[in-house]
Amino acid sequence: MLSFFVYAAYGSMILTLLVYKYFHVPKGLPNVPTVPVYVTLAGLWSGLGQDEIYDRWLRKPLETHGAVKIWVQGGWRILITRPDLLTSIFRDEDLYAKSGHMKRAPWTVISALLGDNMLAAHGDKWRLFASIMKPGLQKTRHHSGLLLEKSREFIDLLIRTQADGPDGGILVDPLIQRFTLAAMGESLLDLDLGTLDRAGLRIDELAAMIIRTVFKPLYFHFPDLDRFPWLFRSRKRAFAIMKELDDLLCHLVRENPRKLELKKPLDSQDELVIHSLERALDEKLISDHQFRSNLKLMFVTGYENTQQLLNSLFWKLGTDQSVQDKVRTEVYDSNIIDPTEESFSALPYLTAVVAELLRCYPPISQLVNRRTQKPCRLGDIGDLPQGTIVGYNAYGVHTDEHVWGPTARDFIPERWGHSSDEILARMRKETAKGTFIPFSSHNRKCPGLGFAVLETKIVLFELVRRVKWHVAPDYKIKWTRGGFLMPLELRIFVSELPVRDAKAEEN
Ligand code: HEM
């Protein structure tokens, strides 16, 4: 009996120490409000979407103070929404260095997924990875024909699915994923993944599992739990999924017949990301692990953020028919049938709609992955000790009335301007000021920006030209509870429009 009490006392001491280690706010952090730990896990217990969580617990302290202390991914971090503070962070990558999961928690499922890659790297290693991958990523002019072809196949798929579809409307996310996978495969990896032709391919299934697995709030915010895959069977499965993706992707890429064509030097204009990545591996500039890591990074970043943005596009324009009709009228009036990147200068409203979607629904709504390399002062917020992890909430910045005025939370494409030049200049200016950061800012800004925006514009162009859609009347909006921002399980009805082409217009 006595030994039971001794064990119980030891047990509770250990538990108290663990709780203390986990939830004690370290000394030396700035004097800004502390968000209670239960808010981080609100997505798990409250059933609220991340917009509701933000409104209930984060908006007020962040809009008042510009920064808060918050428990994220295994520790207390500084979350910031004041644009001037963010700009000082984005500008100084030497001081606020990227510190990815591989550095902070190498034992986790997310580290198993992404490994040693460009997104997480810093200094010389980042420069090496960037020199290999950026040129292929930023070659958007090259991509428009392929993106148009894939967009057309996607819309055929929507129409076919609607024709056979259930009465409650079609679940659009799985179809969007099949499209973004196909577009990414062809444009970045020189691979026909076949996802638009067939449902249920293993690569498509794995892609759907990744987000669900990596962003499970409990494991995402308590990374130490990933140390015990033997205890949590779902985590054991999660590691197995990441390994399967690694093997399958490498197999698809390395066994692809076009590898043979690479024996002769490619015209640099035709070189895609995968070609330069393979060349870097062959020339031993990068290790096999780095090749695989960056390949998976291209795969994941290449399809999933655009997938989330397109979900938001279907939601917004499917509930606000006036915006959909206005884009359609602009597209019809332009008489453009086969758009290229240049065509969008004649489509300012469509361009502004894409900008406004990125502002209201930034797919990467929150990102906390920079680490101070030495003690420093963050504006008037206070001193940060060396090793402090800082990050931002883009949704918060974009919907703050102090930043975007009283209409900050309304969807108003016209706010961006009326000519394409004006809109693009405004997007660049707001990005540099830290007030529009869906793709981050300064030298670690997303290199896939041009590709993602072009893909979204082309698919929107084709959508309004060929179909009309509305959100299923019984669908109740629920945004994701954490991780990426997008509507959950959106259902829509699609109807095909009569064919219109430029010649028909002229007659
Ligand atoms: C709507 C679509 C997209 C959004 C919203 C988005 C957003 C972002 C953001 C916010 C970052 C900064 C991450 C950080 O600071 O750690 C980033 C980085 C990155 N993105 Fe994207 N992205 C999108 C599409 C793409 C695409 C299509 C690719 C192509 C492969 C891509 C590749 C990358 C890479 C490689 C980085 C790392 C850059 C670096 O650390 O230097 N992204 N993206």
# chains A, B, ... in the order shown; residues from 1 in each chain; ligands from 1
>>> residues_around(residues="Val214 (chain A)", least_positions_apart="3", cutoff="10 Å", atoms="only C-alpha atoms", output="MDAnalysis selection string")
chainID A and resid 108:111 113 209:211 217 219:220 235 238:239 242 483
>>> residues_near_ligand(ligand="ligand 1", cutoff="6 Å", atoms="only C-alpha atoms and all ligand atoms", output="ChimeraX atom specification")
/A:118-119,298,301-302,305-306,309,363-364,438-440,444-449,451-452
>>> write_last_selection(atoms="C-alpha atoms", output="short mmCIF file (atom, residue, chain, number, x, y, z; two decimals), in the first residue's frame")
data_model
loop_
_atom_site.label_atom_id
_atom_site.label_comp_id
_atom_site.auth_asym_id
_atom_site.auth_seq_id
_atom_site.Cartn_x
_atom_site.Cartn_y
_atom_site.Cartn_z
CA MET A 118 15.01 24.95 -49.48
CA LEU A 119 12.05 26.15 -47.42
CA MET A 298 8.31 20.83 -54.94
CA THR A 301 4.19 23.18 -52.27
CA GLY A 302 3.46 22.75 -55.97
CA ASN A 305 -1.55 25.86 -51.51
CA THR A 306 -3.12 26.42 -54.90
CA LEU A 309 -6.87 28.92 -52.83
CA PRO A 363 -3.89 29.66 -47.77
CA ILE A 364 -0.91 29.82 -45.39
CA PRO A 438 0.13 35.56 -48.66
CA PHE A 439 3.49 34.62 -50.19
CA SER A 440 5.62 36.16 -47.40
CA ARG A 444 12.42 34.42 -48.72
CA LYS A 445 9.22 35.23 -50.58
CA CYS A 446 7.56 32.25 -52.29
CA PRO A 447 9.37 31.48 -55.56
CA GLY A 448 6.25 29.66 -56.80
CA LEU A 449 4.21 32.89 -56.63
CA PHE A 451 3.25 29.93 -61.14
CA ALA A 452 0.48 29.80 -58.51
#
>>> residues_around(residues="Val327 (chain A)", least_positions_apart="4", cutoff="12 Å", atoms="only C-alpha atoms", output="PyMOL selection string")
chain A and resi 317+320-323+331-334+344+346-354+413+457+460-465+468
>>> write_last_selection(atoms="N, CA and C atoms", output="PDB file, in the first residue's frame")
ATOM      1  N   LEU A 317     -16.828  32.907 -55.131  1.00  0.00           N
ATOM      2  CA  LEU A 317     -17.554  33.256 -56.356  1.00  0.00           C
ATOM      3  C   LEU A 317     -18.820  32.406 -56.529  1.00  0.00           C
ATOM      4  N   ASP A 320     -21.182  34.548 -54.265  1.00  0.00           N
ATOM      5  CA  ASP A 320     -21.389  35.919 -54.720  1.00  0.00           C
ATOM      6  C   ASP A 320     -21.432  35.924 -56.256  1.00  0.00           C
ATOM      7  N   GLN A 321     -22.639  35.694 -56.778  1.00  0.00           N
ATOM      8  CA  GLN A 321     -22.770  35.552 -58.233  1.00  0.00           C
ATOM      9  C   GLN A 321     -22.420  36.836 -58.972  1.00  0.00           C
ATOM     10  N   SER A 322     -22.542  37.989 -58.278  1.00  0.00           N
ATOM     11  CA  SER A 322     -22.266  39.237 -59.002  1.00  0.00           C
ATOM     12  C   SER A 322     -20.778  39.304 -59.378  1.00  0.00           C
ATOM     13  N   VAL A 323     -19.914  38.792 -58.486  1.00  0.00           N
ATOM     14  CA  VAL A 323     -18.475  38.795 -58.805  1.00  0.00           C
ATOM     15  C   VAL A 323     -18.214  37.821 -59.954  1.00  0.00           C
ATOM     16  N   VAL A 331     -14.250  38.493 -69.319  1.00  0.00           N
ATOM     17  CA  VAL A 331     -13.602  37.473 -70.156  1.00  0.00           C
ATOM     18  C   VAL A 331     -14.262  37.424 -71.535  1.00  0.00           C
ATOM     19  N   TYR A 332     -15.597  37.427 -71.587  1.00  0.00           N
ATOM     20  CA  TYR A 332     -16.291  37.408 -72.885  1.00  0.00           C
ATOM     21  C   TYR A 332     -15.929  38.652 -73.704  1.00  0.00           C
ATOM     22  N   ASP A 333     -15.970  39.802 -73.028  1.00  0.00           N
ATOM     23  CA  ASP A 333     -15.712  41.052 -73.765  1.00  0.00           C
ATOM     24  C   ASP A 333     -14.293  41.112 -74.320  1.00  0.00           C
ATOM     25  N   SER A 334     -13.378  40.386 -73.682  1.00  0.00           N
ATOM     26  CA  SER A 334     -11.978  40.460 -74.133  1.00  0.00           C
ATOM     27  C   SER A 334     -11.766  39.706 -75.444  1.00  0.00           C
ATOM     28  N   PHE A 344      -3.517  38.579 -69.426  1.00  0.00           N
ATOM     29  CA  PHE A 344      -4.187  39.056 -68.218  1.00  0.00           C
ATOM     30  C   PHE A 344      -4.043  40.565 -68.015  1.00  0.00           C
ATOM     31  N   ALA A 346      -5.147  42.474 -70.075  1.00  0.00           N
ATOM     32  CA  ALA A 346      -6.443  42.968 -70.576  1.00  0.00           C
ATOM     33  C   ALA A 346      -7.592  42.523 -69.666  1.00  0.00           C
ATOM     34  N   LEU A 347      -7.273  41.885 -68.536  1.00  0.00           N
ATOM     35  CA  LEU A 347      -8.333  41.364 -67.656  1.00  0.00           C
ATOM     36  C   LEU A 347      -8.110  41.854 -66.216  1.00  0.00           C
ATOM     37  N   PRO A 348      -8.233  43.170 -66.002  1.00  0.00           N
ATOM     38  CA  PRO A 348      -7.906  43.703 -64.673  1.00  0.00           C
ATOM     39  C   PRO A 348      -8.846  43.213 -63.575  1.00  0.00           C
ATOM     40  N   TYR A 349     -10.124  43.050 -63.887  1.00  0.00           N
ATOM     41  CA  TYR A 349     -11.034  42.642 -62.806  1.00  0.00           C
ATOM     42  C   TYR A 349     -10.689  41.228 -62.347  1.00  0.00           C
ATOM     43  N   LEU A 350     -10.429  40.334 -63.295  1.00  0.00           N
ATOM     44  CA  LEU A 350     -10.043  38.961 -62.930  1.00  0.00           C
ATOM     45  C   LEU A 350      -8.761  38.988 -62.070  1.00  0.00           C
ATOM     46  N   THR A 351      -7.807  39.819 -62.472  1.00  0.00           N
ATOM     47  CA  THR A 351      -6.549  39.927 -61.714  1.00  0.00           C
ATOM     48  C   THR A 351      -6.831  40.415 -60.289  1.00  0.00           C
ATOM     49  N   ALA A 352      -7.736  41.393 -60.184  1.00  0.00           N
ATOM     50  CA  ALA A 352      -8.052  41.942 -58.852  1.00  0.00           C
ATOM     51  C   ALA A 352      -8.793  40.914 -58.001  1.00  0.00           C
ATOM     52  N   VAL A 353      -9.613  40.076 -58.637  1.00  0.00           N
ATOM     53  CA  VAL A 353     -10.332  39.032 -57.876  1.00  0.00           C
ATOM     54  C   VAL A 353      -9.314  38.066 -57.262  1.00  0.00           C
ATOM     55  N   VAL A 354      -8.296  37.696 -58.026  1.00  0.00           N
ATOM     56  CA  VAL A 354      -7.286  36.763 -57.498  1.00  0.00           C
ATOM     57  C   VAL A 354      -6.529  37.427 -56.337  1.00  0.00           C
ATOM     58  N   PRO A 413     -12.848  43.423 -54.772  1.00  0.00           N
ATOM     59  CA  PRO A 413     -11.731  43.398 -55.723  1.00  0.00           C
ATOM     60  C   PRO A 413     -11.339  44.797 -56.199  1.00  0.00           C
ATOM     61  N   LYS A 457      -5.284  32.258 -62.264  1.00  0.00           N
ATOM     62  CA  LYS A 457      -5.925  33.136 -63.258  1.00  0.00           C
ATOM     63  C   LYS A 457      -6.436  32.303 -64.434  1.00  0.00           C
ATOM     64  N   LEU A 460      -9.491  30.246 -63.478  1.00  0.00           N
ATOM     65  CA  LEU A 460     -10.654  31.118 -63.291  1.00  0.00           C
ATOM     66  C   LEU A 460     -11.200  31.569 -64.656  1.00  0.00           C
ATOM     67  N   PHE A 461     -10.284  31.911 -65.541  1.00  0.00           N
ATOM     68  CA  PHE A 461     -10.661  32.321 -66.904  1.00  0.00           C
ATOM     69  C   PHE A 461     -11.513  31.236 -67.570  1.00  0.00           C
ATOM     70  N   GLU A 462     -11.003  29.991 -67.519  1.00  0.00           N
ATOM     71  CA  GLU A 462     -11.693  28.884 -68.174  1.00  0.00           C
ATOM     72  C   GLU A 462     -13.017  28.564 -67.484  1.00  0.00           C
ATOM     73  N   LEU A 463     -13.012  28.658 -66.164  1.00  0.00           N
ATOM     74  CA  LEU A 463     -14.237  28.360 -65.407  1.00  0.00           C
ATOM     75  C   LEU A 463     -15.378  29.279 -65.827  1.00  0.00           C
ATOM     76  N   VAL A 464     -15.119  30.598 -65.764  1.00  0.00           N
ATOM     77  CA  VAL A 464     -16.223  31.522 -66.052  1.00  0.00           C
ATOM     78  C   VAL A 464     -16.652  31.437 -67.513  1.00  0.00           C
ATOM     79  N   ARG A 465     -15.727  31.062 -68.366  1.00  0.00           N
ATOM     80  CA  ARG A 465     -16.052  30.967 -69.791  1.00  0.00           C
ATOM     81  C   ARG A 465     -16.954  29.766 -70.078  1.00  0.00           C
ATOM     82  N   LYS A 468     -21.095  27.861 -65.050  1.00  0.00           N
ATOM     83  CA  LYS A 468     -21.599  28.731 -63.980  1.00  0.00           C
ATOM     84  C   LYS A 468     -21.698  27.825 -62.770  1.00  0.00           C
TER      85      LYS A 468
END
>>> residues_around(residues="region 170-178 of chain A", least_positions_apart="6", cutoff="8 Å", atoms="only C-alpha atoms", output="compact mmCIF listing (two decimals) with C-alpha atoms, in the first residue's frame")
# COMPACT_ATOMS: atom_id res chain seq x y z
CA PHE A 154 -10.36 19.94 -65.11
CA LEU A 157 -14.08 16.63 -65.23
CA LEU A 158 -16.30 19.04 -63.27
CA THR A 161 -18.91 14.69 -62.34
CA GLN A 162 -21.93 16.99 -62.14
CA THR A 195 -4.71 12.25 -61.88
CA LEU A 196 -7.12 14.04 -64.19
CA ALA A 199 -9.60 8.83 -59.71
CA ASP A 204 -3.66 11.22 -55.21
CA ALA A 208 -4.96 13.77 -49.59
CA TYR A 303 -0.10 21.51 -55.52
CA GLU A 304 -1.49 22.09 -52.05
CA GLN A 307 -5.61 23.69 -54.02
CA LEU A 310 -9.08 27.32 -55.49
CA ASN A 311 -11.40 25.94 -52.80
CA GLU A 489 -15.99 19.85 -47.68
CA LEU A 490 -17.40 22.46 -50.01
CA ARG A 491 -20.20 21.25 -52.28
CA ILE A 492 -21.19 23.05 -55.47
CA PHE A 493 -23.55 22.74 -58.44
>>> select_by_dssp(residues="region 145-233 of chain A", states="helix (DSSP H, G or I)", output="ChimeraX atom specification")
/A:145-164,172-188,202-214,217-221,223-227,233
>>> closest_atom_pairs(of="region 112-152 of chain A", to="region 182-193 of chain A", cutoff="7 Å", atoms="only C-alpha atoms", output="CSV")
residue,atom,partner,partner_atom,distance
A:His143,CA,A:Ser187,CA,6.3
A:Leu147,CA,A:Ala183,CA,6.1
A:Lys150,CA,A:Ala183,CA,6.1
>>> write_last_selection(atoms="C-alpha atoms", output="PDB file, in the first residue's frame")
ATOM      1  CA  HIS A 143       3.886  27.205 -68.286  1.00  0.00           C
ATOM      2  CA  LEU A 147      -1.833  25.133 -67.461  1.00  0.00           C
ATOM      3  CA  LYS A 150      -4.926  21.033 -67.666  1.00  0.00           C
TER       4      LYS A 150
END
